[in-house]
file structure-v2.txt (compact mmCIF, N, CA and C atoms)
# COMPACT_ATOMS: atom_id res chain seq x y z
N MET A 767 34.28 84.18 12.21
CA MET A 767 33.36 84.20 13.30
C MET A 767 34.04 83.64 14.54
N SER A 768 33.99 84.37 15.61
CA SER A 768 34.64 83.92 16.84
C SER A 768 33.61 83.24 17.75
N ILE A 769 34.09 82.28 18.51
CA ILE A 769 33.24 81.55 19.45
C ILE A 769 33.25 82.31 20.77
N TYR A 770 32.07 82.59 21.26
CA TYR A 770 31.94 83.34 22.50
C TYR A 770 31.94 82.37 23.67
N ASN A 771 32.86 82.55 24.59
CA ASN A 771 32.92 81.75 25.81
C ASN A 771 32.42 82.60 26.96
N GLU A 772 31.32 82.21 27.57
CA GLU A 772 30.80 82.98 28.69
C GLU A 772 31.57 82.65 29.95
N THR A 773 31.71 83.63 30.80
CA THR A 773 32.39 83.42 32.08
C THR A 773 31.42 82.76 33.05
N ILE A 774 31.95 82.30 34.16
CA ILE A 774 31.09 81.66 35.16
C ILE A 774 30.04 82.63 35.68
N TRP A 775 30.43 83.90 35.80
CA TRP A 775 29.50 84.91 36.31
C TRP A 775 28.37 85.14 35.30
N GLU A 776 28.73 85.14 34.02
CA GLU A 776 27.70 85.30 32.99
C GLU A 776 26.76 84.09 32.96
N ARG A 777 27.33 82.91 33.22
CA ARG A 777 26.49 81.71 33.28
C ARG A 777 25.44 81.82 34.37
N PHE A 778 25.84 82.37 35.52
CA PHE A 778 24.85 82.55 36.60
C PHE A 778 23.70 83.42 36.12
N PHE A 779 24.04 84.54 35.47
CA PHE A 779 22.99 85.46 35.03
C PHE A 779 22.19 84.91 33.85
N ASN A 780 22.81 84.06 33.03
CA ASN A 780 22.10 83.49 31.89
C ASN A 780 21.17 82.33 32.30
N ARG A 781 21.48 81.65 33.40
CA ARG A 781 20.72 80.47 33.78
C ARG A 781 19.80 80.68 34.97
N LEU A 782 20.06 81.70 35.77
CA LEU A 782 19.26 81.93 36.97
C LEU A 782 18.55 83.28 36.90
N PRO A 783 17.48 83.43 37.65
CA PRO A 783 16.90 84.77 37.77
C PRO A 783 17.92 85.73 38.39
N GLU A 784 17.76 87.01 38.17
CA GLU A 784 18.78 87.98 38.58
C GLU A 784 19.05 87.95 40.08
N THR A 785 18.01 87.88 40.90
CA THR A 785 18.23 87.87 42.35
C THR A 785 18.95 86.60 42.79
N ALA A 786 18.58 85.46 42.20
CA ALA A 786 19.25 84.20 42.54
C ALA A 786 20.70 84.21 42.07
N ALA A 787 20.96 84.80 40.91
CA ALA A 787 22.33 84.89 40.40
C ALA A 787 23.18 85.76 41.32
N ASN A 788 22.64 86.92 41.74
CA ASN A 788 23.39 87.80 42.66
C ASN A 788 23.68 87.11 43.98
N GLU A 789 22.71 86.37 44.50
CA GLU A 789 22.89 85.65 45.78
C GLU A 789 23.95 84.57 45.62
N ALA A 790 23.91 83.82 44.51
CA ALA A 790 24.90 82.77 44.29
C ALA A 790 26.30 83.35 44.17
N ILE A 791 26.44 84.45 43.46
CA ILE A 791 27.75 85.09 43.32
C ILE A 791 28.24 85.59 44.67
N ARG A 792 27.36 86.20 45.47
CA ARG A 792 27.75 86.70 46.78
C ARG A 792 28.24 85.56 47.68
N VAL A 793 27.53 84.44 47.66
CA VAL A 793 27.92 83.30 48.49
C VAL A 793 29.24 82.71 48.01
N LEU A 794 29.44 82.63 46.70
CA LEU A 794 30.67 82.06 46.18
C LEU A 794 31.89 82.91 46.52
N LYS A 795 31.74 84.19 46.54
CA LYS A 795 32.89 85.07 46.76
C LYS A 795 33.29 85.13 48.23
N GLN A 796 32.35 85.10 49.13
CA GLN A 796 32.63 85.13 50.56
C GLN A 796 33.63 86.23 50.94
N GLY A 797 33.38 87.42 50.46
CA GLY A 797 34.20 88.56 50.86
C GLY A 797 35.45 88.77 50.03
N GLY A 798 35.70 87.95 48.99
CA GLY A 798 36.88 88.14 48.16
C GLY A 798 36.64 89.22 47.12
N SER A 799 37.60 89.42 46.25
CA SER A 799 37.44 90.41 45.19
C SER A 799 36.52 89.84 44.11
N PHE A 800 36.22 90.59 43.11
CA PHE A 800 35.29 90.16 42.05
C PHE A 800 35.78 88.92 41.33
N LYS A 801 37.10 88.76 41.20
CA LYS A 801 37.63 87.63 40.44
C LYS A 801 38.03 86.46 41.33
N ASP A 802 38.00 86.61 42.63
CA ASP A 802 38.42 85.54 43.53
C ASP A 802 37.23 84.72 44.00
N VAL A 803 37.49 83.44 44.22
CA VAL A 803 36.48 82.53 44.77
C VAL A 803 37.08 81.91 46.01
N ASP A 804 36.26 81.74 47.02
CA ASP A 804 36.70 81.17 48.30
C ASP A 804 37.23 79.75 48.10
N PHE A 805 38.27 79.34 48.85
CA PHE A 805 38.88 78.02 48.76
C PHE A 805 37.86 76.93 49.08
N PHE A 806 37.06 77.14 50.11
CA PHE A 806 36.07 76.13 50.50
C PHE A 806 34.99 75.95 49.43
N THR A 807 34.71 77.02 48.73
CA THR A 807 33.77 76.92 47.62
C THR A 807 34.35 76.02 46.54
N MET A 808 35.65 76.16 46.28
CA MET A 808 36.30 75.30 45.28
C MET A 808 36.28 73.84 45.73
N LYS A 809 36.50 73.57 47.00
CA LYS A 809 36.49 72.19 47.50
C LYS A 809 35.08 71.59 47.35
N GLU A 810 34.05 72.39 47.66
CA GLU A 810 32.68 71.92 47.51
C GLU A 810 32.35 71.66 46.03
N ALA A 811 32.80 72.54 45.16
CA ALA A 811 32.57 72.36 43.72
C ALA A 811 33.27 71.10 43.23
N GLU A 812 34.48 70.86 43.72
CA GLU A 812 35.23 69.67 43.34
C GLU A 812 34.50 68.40 43.80
N ALA A 813 33.94 68.45 45.01
CA ALA A 813 33.18 67.31 45.51
C ALA A 813 31.94 67.06 44.66
N GLN A 814 31.27 68.13 44.25
CA GLN A 814 30.08 68.00 43.42
C GLN A 814 30.42 67.40 42.05
N VAL A 815 31.54 67.84 41.49
CA VAL A 815 31.98 67.30 40.20
C VAL A 815 32.26 65.80 40.33
N GLY A 816 32.94 65.42 41.41
CA GLY A 816 33.21 63.99 41.64
C GLY A 816 31.93 63.19 41.81
N HIS A 817 30.99 63.77 42.53
CA HIS A 817 29.70 63.11 42.75
C HIS A 817 28.97 62.87 41.43
N TYR A 818 28.92 63.92 40.60
CA TYR A 818 28.22 63.77 39.32
C TYR A 818 28.99 62.88 38.35
N ARG A 819 30.32 62.85 38.45
CA ARG A 819 31.10 61.94 37.61
C ARG A 819 30.75 60.49 37.96
N GLU A 820 30.67 60.17 39.25
CA GLU A 820 30.33 58.81 39.67
C GLU A 820 28.91 58.43 39.24
N ARG A 821 27.99 59.37 39.36
CA ARG A 821 26.62 59.09 38.93
C ARG A 821 26.54 58.88 37.43
N ALA A 822 27.32 59.66 36.67
CA ALA A 822 27.33 59.50 35.21
C ALA A 822 27.94 58.14 34.83
N LYS A 823 29.02 57.75 35.50
CA LYS A 823 29.65 56.46 35.22
C LYS A 823 28.69 55.31 35.54
N ALA A 824 27.98 55.43 36.66
CA ALA A 824 27.03 54.38 37.04
C ALA A 824 25.89 54.31 36.02
N ALA A 825 25.43 55.46 35.55
CA ALA A 825 24.35 55.48 34.57
C ALA A 825 24.80 54.86 33.24
N ILE A 826 26.02 55.17 32.83
CA ILE A 826 26.55 54.60 31.59
C ILE A 826 26.71 53.10 31.72
N LEU A 827 27.23 52.64 32.87
CA LEU A 827 27.40 51.21 33.10
C LEU A 827 26.05 50.49 33.12
N ALA A 828 25.05 51.09 33.76
CA ALA A 828 23.72 50.48 33.79
C ALA A 828 23.15 50.38 32.38
N TYR A 829 23.35 51.42 31.57
CA TYR A 829 22.85 51.38 30.20
C TYR A 829 23.57 50.30 29.39
N LYS A 830 24.89 50.18 29.56
CA LYS A 830 25.64 49.15 28.82
C LYS A 830 25.19 47.75 29.23
N ARG A 831 24.95 47.54 30.53
CA ARG A 831 24.47 46.23 30.98
C ARG A 831 23.10 45.92 30.39
N TRP A 832 22.22 46.92 30.40
CA TRP A 832 20.88 46.72 29.84
C TRP A 832 20.97 46.39 28.36
N LYS A 833 21.84 47.12 27.65
CA LYS A 833 21.97 46.92 26.21
C LYS A 833 22.50 45.52 25.90
N SER A 834 23.52 45.07 26.64
CA SER A 834 24.06 43.73 26.37
C SER A 834 23.07 42.65 26.80
N ALA A 835 22.35 42.88 27.90
CA ALA A 835 21.35 41.90 28.32
C ALA A 835 20.23 41.81 27.30
N ARG A 836 19.87 42.93 26.72
CA ARG A 836 18.83 42.94 25.69
C ARG A 836 19.29 42.17 24.46
N ALA A 837 20.55 42.34 24.08
CA ALA A 837 21.07 41.61 22.92
C ALA A 837 21.08 40.12 23.20
N VAL A 838 21.52 39.73 24.39
CA VAL A 838 21.55 38.31 24.74
C VAL A 838 20.13 37.76 24.82
N THR A 839 19.23 38.56 25.38
CA THR A 839 17.83 38.13 25.49
C THR A 839 17.24 37.88 24.12
N SER A 840 17.48 38.77 23.18
CA SER A 840 16.93 38.56 21.84
C SER A 840 17.61 37.39 21.15
N LEU A 841 18.91 37.19 21.42
CA LEU A 841 19.62 36.06 20.82
C LEU A 841 19.04 34.74 21.31
N PHE A 842 18.82 34.64 22.61
CA PHE A 842 18.32 33.40 23.18
C PHE A 842 16.80 33.36 23.24
N GLY A 843 16.12 34.37 22.72
CA GLY A 843 14.68 34.38 22.70
C GLY A 843 14.09 33.22 21.92
N VAL A 844 14.77 32.82 20.85
CA VAL A 844 14.31 31.70 20.03
C VAL A 844 14.30 30.42 20.88
N PHE A 845 15.35 30.24 21.67
CA PHE A 845 15.42 29.04 22.51
C PHE A 845 14.35 29.06 23.59
N ARG A 846 14.11 30.25 24.15
CA ARG A 846 13.07 30.36 25.16
C ARG A 846 11.70 30.07 24.57
N ASP A 847 11.47 30.52 23.35
CA ASP A 847 10.20 30.23 22.68
C ASP A 847 10.03 28.73 22.46
N ARG A 848 11.10 28.07 22.01
CA ARG A 848 11.03 26.63 21.80
C ARG A 848 10.83 25.90 23.12
N GLU A 849 11.53 26.36 24.15
CA GLU A 849 11.37 25.75 25.47
C GLU A 849 9.93 25.93 25.97
N GLY A 850 9.37 27.11 25.74
CA GLY A 850 8.00 27.36 26.14
C GLY A 850 7.02 26.44 25.44
N ALA A 851 7.23 26.23 24.15
CA ALA A 851 6.35 25.33 23.39
C ALA A 851 6.47 23.90 23.93
N HIS A 852 7.69 23.49 24.23
CA HIS A 852 7.92 22.15 24.78
C HIS A 852 7.24 22.01 26.15
N LEU A 853 7.42 23.03 27.00
CA LEU A 853 6.81 22.98 28.33
C LEU A 853 5.29 22.97 28.25
N ARG A 854 4.74 23.71 27.30
CA ARG A 854 3.28 23.72 27.14
C ARG A 854 2.79 22.35 26.69
N ALA A 855 3.48 21.74 25.73
CA ALA A 855 3.08 20.41 25.26
C ALA A 855 3.18 19.39 26.40
N HIS A 856 4.24 19.50 27.19
CA HIS A 856 4.42 18.59 28.33
C HIS A 856 3.30 18.79 29.35
N ALA A 857 2.95 20.05 29.62
CA ALA A 857 1.88 20.33 30.57
C ALA A 857 0.55 19.78 30.07
N ARG A 858 0.29 19.91 28.78
CA ARG A 858 -0.95 19.36 28.22
C ARG A 858 -0.98 17.84 28.34
N ALA A 859 0.17 17.20 28.07
CA ALA A 859 0.23 15.73 28.17
C ALA A 859 0.02 15.28 29.61
N MET A 860 0.66 15.96 30.55
CA MET A 860 0.52 15.60 31.96
C MET A 860 -0.91 15.85 32.44
N THR A 861 -1.53 16.92 31.96
CA THR A 861 -2.92 17.19 32.32
C THR A 861 -3.84 16.12 31.77
N GLY A 862 -3.56 15.67 30.55
CA GLY A 862 -4.34 14.58 29.95
C GLY A 862 -4.21 13.30 30.76
N LEU A 863 -2.97 12.97 31.19
CA LEU A 863 -2.77 11.78 32.03
C LEU A 863 -3.51 11.91 33.35
N PHE A 864 -3.47 13.10 33.94
CA PHE A 864 -4.18 13.31 35.19
C PHE A 864 -5.68 13.13 35.01
N LEU A 865 -6.24 13.73 33.97
CA LEU A 865 -7.68 13.62 33.75
C LEU A 865 -8.09 12.17 33.47
N ASP A 866 -7.28 11.45 32.69
CA ASP A 866 -7.58 10.04 32.41
C ASP A 866 -7.52 9.21 33.68
N SER A 867 -6.48 9.42 34.47
CA SER A 867 -6.35 8.65 35.70
C SER A 867 -7.46 8.99 36.69
N ARG A 868 -7.88 10.24 36.74
CA ARG A 868 -8.97 10.62 37.63
C ARG A 868 -10.28 9.98 37.17
N ARG A 869 -10.49 9.95 35.87
CA ARG A 869 -11.69 9.31 35.33
C ARG A 869 -11.68 7.81 35.64
N ASP A 870 -10.53 7.13 35.43
CA ASP A 870 -10.42 5.71 35.75
C ASP A 870 -10.64 5.47 37.24
N PHE A 871 -10.10 6.31 38.08
CA PHE A 871 -10.28 6.16 39.52
C PHE A 871 -11.75 6.30 39.89
N ALA A 872 -12.42 7.27 39.28
CA ALA A 872 -13.86 7.45 39.56
C ALA A 872 -14.65 6.22 39.12
N ASP A 873 -14.30 5.65 37.97
CA ASP A 873 -14.99 4.45 37.50
C ASP A 873 -14.72 3.26 38.42
N LEU A 874 -13.46 3.09 38.85
CA LEU A 874 -13.13 2.01 39.77
C LEU A 874 -13.84 2.20 41.11
N SER A 875 -13.90 3.44 41.57
CA SER A 875 -14.61 3.71 42.82
C SER A 875 -16.08 3.36 42.71
N ALA A 876 -16.68 3.68 41.57
CA ALA A 876 -18.09 3.35 41.36
C ALA A 876 -18.30 1.83 41.36
N LEU A 877 -17.37 1.09 40.70
CA LEU A 877 -17.49 -0.37 40.69
C LEU A 877 -17.33 -0.94 42.09
N LEU A 878 -16.38 -0.41 42.85
CA LEU A 878 -16.17 -0.89 44.21
C LEU A 878 -17.40 -0.62 45.07
N MET A 879 -17.93 0.56 44.95
CA MET A 879 -19.11 0.90 45.75
C MET A 879 -20.29 0.02 45.36
N LYS A 880 -20.40 -0.31 44.09
CA LYS A 880 -21.49 -1.17 43.63
C LYS A 880 -21.32 -2.58 44.18
N SER A 881 -20.05 -3.04 44.27
CA SER A 881 -19.83 -4.42 44.73
C SER A 881 -20.02 -4.59 46.23
N VAL A 882 -19.87 -3.56 46.99
CA VAL A 882 -20.00 -3.67 48.44
C VAL A 882 -21.30 -3.09 48.97
N SER A 883 -22.14 -2.63 48.11
CA SER A 883 -23.37 -2.01 48.58
C SER A 883 -24.36 -3.07 49.05
N ASN A 884 -25.26 -2.68 49.91
CA ASN A 884 -26.27 -3.58 50.42
C ASN A 884 -27.55 -3.53 49.61
N ASP A 885 -27.52 -2.81 48.53
CA ASP A 885 -28.71 -2.70 47.70
C ASP A 885 -28.95 -4.02 46.98
N ARG A 886 -30.25 -4.29 46.66
CA ARG A 886 -30.58 -5.48 45.89
C ARG A 886 -30.01 -5.36 44.50
N PRO A 887 -29.49 -6.42 43.98
CA PRO A 887 -29.03 -6.36 42.59
C PRO A 887 -30.21 -6.18 41.67
N ASP A 888 -30.01 -5.44 40.66
CA ASP A 888 -31.07 -5.20 39.69
C ASP A 888 -30.96 -6.25 38.60
N HIS A 889 -31.93 -7.21 38.58
CA HIS A 889 -31.92 -8.28 37.58
C HIS A 889 -32.93 -8.02 36.49
N GLY A 890 -33.34 -6.83 36.34
CA GLY A 890 -34.28 -6.54 35.27
C GLY A 890 -35.72 -6.77 35.69
N THR A 891 -35.98 -7.14 36.94
CA THR A 891 -37.36 -7.35 37.37
C THR A 891 -37.91 -6.04 37.88
N SER A 892 -39.14 -5.86 37.79
CA SER A 892 -39.75 -4.65 38.28
C SER A 892 -40.75 -5.00 39.35
N VAL A 893 -40.94 -4.16 40.27
CA VAL A 893 -41.89 -4.40 41.36
C VAL A 893 -43.10 -3.50 41.11
N GLN A 894 -44.23 -4.11 41.02
CA GLN A 894 -45.47 -3.35 40.85
C GLN A 894 -46.50 -3.92 41.81
N GLY A 895 -47.09 -3.08 42.53
CA GLY A 895 -48.17 -3.51 43.39
C GLY A 895 -47.76 -4.50 44.44
N GLY A 896 -46.51 -4.50 44.85
CA GLY A 896 -46.03 -5.37 45.92
C GLY A 896 -45.66 -6.75 45.47
N ARG A 897 -45.59 -7.03 44.20
CA ARG A 897 -45.19 -8.36 43.75
C ARG A 897 -44.21 -8.28 42.60
N HIS A 898 -43.41 -9.30 42.43
CA HIS A 898 -42.42 -9.31 41.35
C HIS A 898 -43.05 -9.79 40.08
N GLU A 899 -42.70 -9.25 39.01
CA GLU A 899 -43.19 -9.73 37.72
C GLU A 899 -42.08 -10.12 36.81
call {"tool": "encode", "arguments": {"input": "structure-v2.txt", "output": "structure tokens"}}
result
Amino acid sequence: MSIYNETIWERFFNRLPETAANEAIRVLKQGGSFKDVDFFTMKEAEAQVGHYRERAKAAILAYKRWKSARAVTSLFGVFRDREGAHLRAHARAMTGLFLDSRRDFADLSALLMKSVSNDRPDHGTSVQGGRHE
């Protein structure tokens, strides 16, 4: 069994609609014979190949970076989880200290306000009918 290699002209007809293939072939030839291609067309094709080579290299490099970063991320994920647990415990402890200190401050403020108020001290006496009992 022989391997069939299609020519560039056959590729145009196999991949494009017939009118688009004819137009592409006409533009590529620019007045040359059936087998000739214009020099400027070759330079443009060479530039396109270089452009796609650079894009392919950049895509491969981006994938390799992502893959290695993912491996490192999973490797150090255990440490990040432990760090997160530690930070959560620390945050809970600090929140507890804050709430306790706020409660103590409120109690001290209440005592201070009670000591400087002009209200009569409450000695357990009640006033009924305008007299003390």
call {"tool": "atom_distance", "arguments": {"input": "structure-v2.txt", "atom1": "atom CA of A:Lys880", "atom2": "atom C of A:Leu863"}}
result
24.5 Å
call {"tool": "residues_around", "arguments": {"input": "structure-v2.txt", "residues": "stretch 784-790 of chain A", "least_positions_apart": "6", "cutoff": "9 Å", "atoms": "only C-alpha atoms", "output": "PyMOL selection string"}}
result
chain A and resi 775+777-778
call {"tool": "atom_distance", "arguments": {"input": "structure-v2.txt", "atom1": "atom N of A:Thr807", "atom2": "atom N of A:Leu794"}}
result
8.0 Å
call {"tool": "atom_distance", "arguments": {"input": "structure-v2.txt", "atom1": "atom C of A:Arg858", "atom2": "atom N of A:Thr839"}}
result
29.1 Å
call {"tool": "axis_aligned_box", "arguments": {"input": "structure-v2.txt", "around": "stretch 878-882 of chain A", "padding_each_side": "4 Å", "output": "JSON"}}
result
{"center_x": -18.8, "center_y": -1.8, "center_z": 45.9, "size_x": 13.3, "size_y": 13.5, "size_z": 14.1}
call {"tool": "build_atoms", "arguments": {"input": "structure-v2.txt", "residues": "stretch 812-823 of chain A", "atoms": "all heavy atoms", "output": "compact mmCIF listing (two decimals), in the coordinates of the input"}}
result
# COMPACT_ATOMS: atom_id res chain seq x y z
N GLU A 812 34.48 70.86 43.72
CA GLU A 812 35.23 69.67 43.34
C GLU A 812 34.50 68.40 43.80
O GLU A 812 34.40 67.42 43.06
CB GLU A 812 36.63 69.71 43.95
CG GLU A 812 37.50 68.54 43.57
CD GLU A 812 38.87 68.61 44.24
OE1 GLU A 812 39.01 69.31 45.26
OE2 GLU A 812 39.78 67.95 43.73
N ALA A 813 33.94 68.45 45.01
CA ALA A 813 33.18 67.31 45.51
C ALA A 813 31.94 67.06 44.66
O ALA A 813 31.59 65.91 44.36
CB ALA A 813 32.79 67.53 46.97
N GLN A 814 31.27 68.13 44.25
CA GLN A 814 30.08 68.00 43.42
C GLN A 814 30.42 67.40 42.05
O GLN A 814 29.70 66.56 41.53
CB GLN A 814 29.39 69.36 43.23
CG GLN A 814 28.68 69.85 44.46
CD GLN A 814 27.52 68.95 44.83
OE1 GLN A 814 26.76 68.51 43.99
NE2 GLN A 814 27.41 68.65 46.12
N VAL A 815 31.54 67.84 41.49
CA VAL A 815 31.98 67.30 40.20
C VAL A 815 32.26 65.80 40.33
O VAL A 815 31.85 65.00 39.48
CB VAL A 815 33.22 68.05 39.67
CG1 VAL A 815 33.84 67.33 38.50
CG2 VAL A 815 32.85 69.47 39.28
N GLY A 816 32.94 65.42 41.41
CA GLY A 816 33.21 63.99 41.64
C GLY A 816 31.93 63.19 41.81
O GLY A 816 31.80 62.08 41.28
N HIS A 817 30.99 63.77 42.53
CA HIS A 817 29.70 63.11 42.75
C HIS A 817 28.97 62.87 41.43
O HIS A 817 28.50 61.77 41.16
CB HIS A 817 28.85 63.98 43.69
CG HIS A 817 27.44 63.53 43.82
ND1 HIS A 817 27.07 62.43 44.55
CD2 HIS A 817 26.29 64.04 43.29
CE1 HIS A 817 25.76 62.28 44.47
NE2 HIS A 817 25.27 63.26 43.71
N TYR A 818 28.92 63.92 40.60
CA TYR A 818 28.22 63.77 39.32
C TYR A 818 28.99 62.88 38.35
O TYR A 818 28.38 62.19 37.52
CB TYR A 818 27.93 65.13 38.69
CG TYR A 818 26.83 65.85 39.43
CD1 TYR A 818 27.06 67.08 40.02
CD2 TYR A 818 25.57 65.29 39.55
CE1 TYR A 818 26.05 67.73 40.71
CE2 TYR A 818 24.56 65.93 40.23
CZ TYR A 818 24.80 67.15 40.82
OH TYR A 818 23.81 67.78 41.50
N ARG A 819 30.32 62.85 38.45
CA ARG A 819 31.10 61.94 37.61
C ARG A 819 30.75 60.49 37.96
O ARG A 819 30.52 59.67 37.07
CB ARG A 819 32.60 62.19 37.79
CG ARG A 819 33.44 61.24 36.93
CD ARG A 819 34.95 61.44 37.10
NE ARG A 819 35.35 61.11 38.45
CZ ARG A 819 35.98 61.95 39.29
NH1 ARG A 819 36.30 63.15 38.90
NH2 ARG A 819 36.29 61.57 40.49
N GLU A 820 30.67 60.17 39.25
CA GLU A 820 30.33 58.81 39.67
C GLU A 820 28.91 58.43 39.24
O GLU A 820 28.68 57.31 38.81
CB GLU A 820 30.49 58.66 41.18
CG GLU A 820 31.92 58.75 41.65
CD GLU A 820 32.83 57.75 40.98
OE1 GLU A 820 32.44 56.57 40.84
OE2 GLU A 820 33.94 58.13 40.57
N ARG A 821 27.99 59.37 39.36
CA ARG A 821 26.62 59.09 38.93
C ARG A 821 26.54 58.88 37.43
O ARG A 821 25.81 58.02 36.95
CB ARG A 821 25.69 60.23 39.35
CG ARG A 821 25.47 60.25 40.86
CD ARG A 821 24.52 61.30 41.29
NE ARG A 821 23.17 60.93 40.86
CZ ARG A 821 22.11 61.67 41.07
NH1 ARG A 821 22.23 62.82 41.70
NH2 ARG A 821 20.91 61.29 40.67
N ALA A 822 27.32 59.66 36.67
CA ALA A 822 27.33 59.50 35.21
C ALA A 822 27.94 58.14 34.83
O ALA A 822 27.41 57.44 33.95
CB ALA A 822 28.11 60.63 34.56
N LYS A 823 29.02 57.75 35.50
CA LYS A 823 29.65 56.46 35.22
C LYS A 823 28.69 55.31 35.54
O LYS A 823 28.59 54.35 34.78
CB LYS A 823 30.94 56.31 36.03
CG LYS A 823 32.10 57.12 35.47
CD LYS A 823 33.29 57.20 36.40
CE LYS A 823 33.95 55.90 36.68
NZ LYS A 823 35.17 56.04 37.50
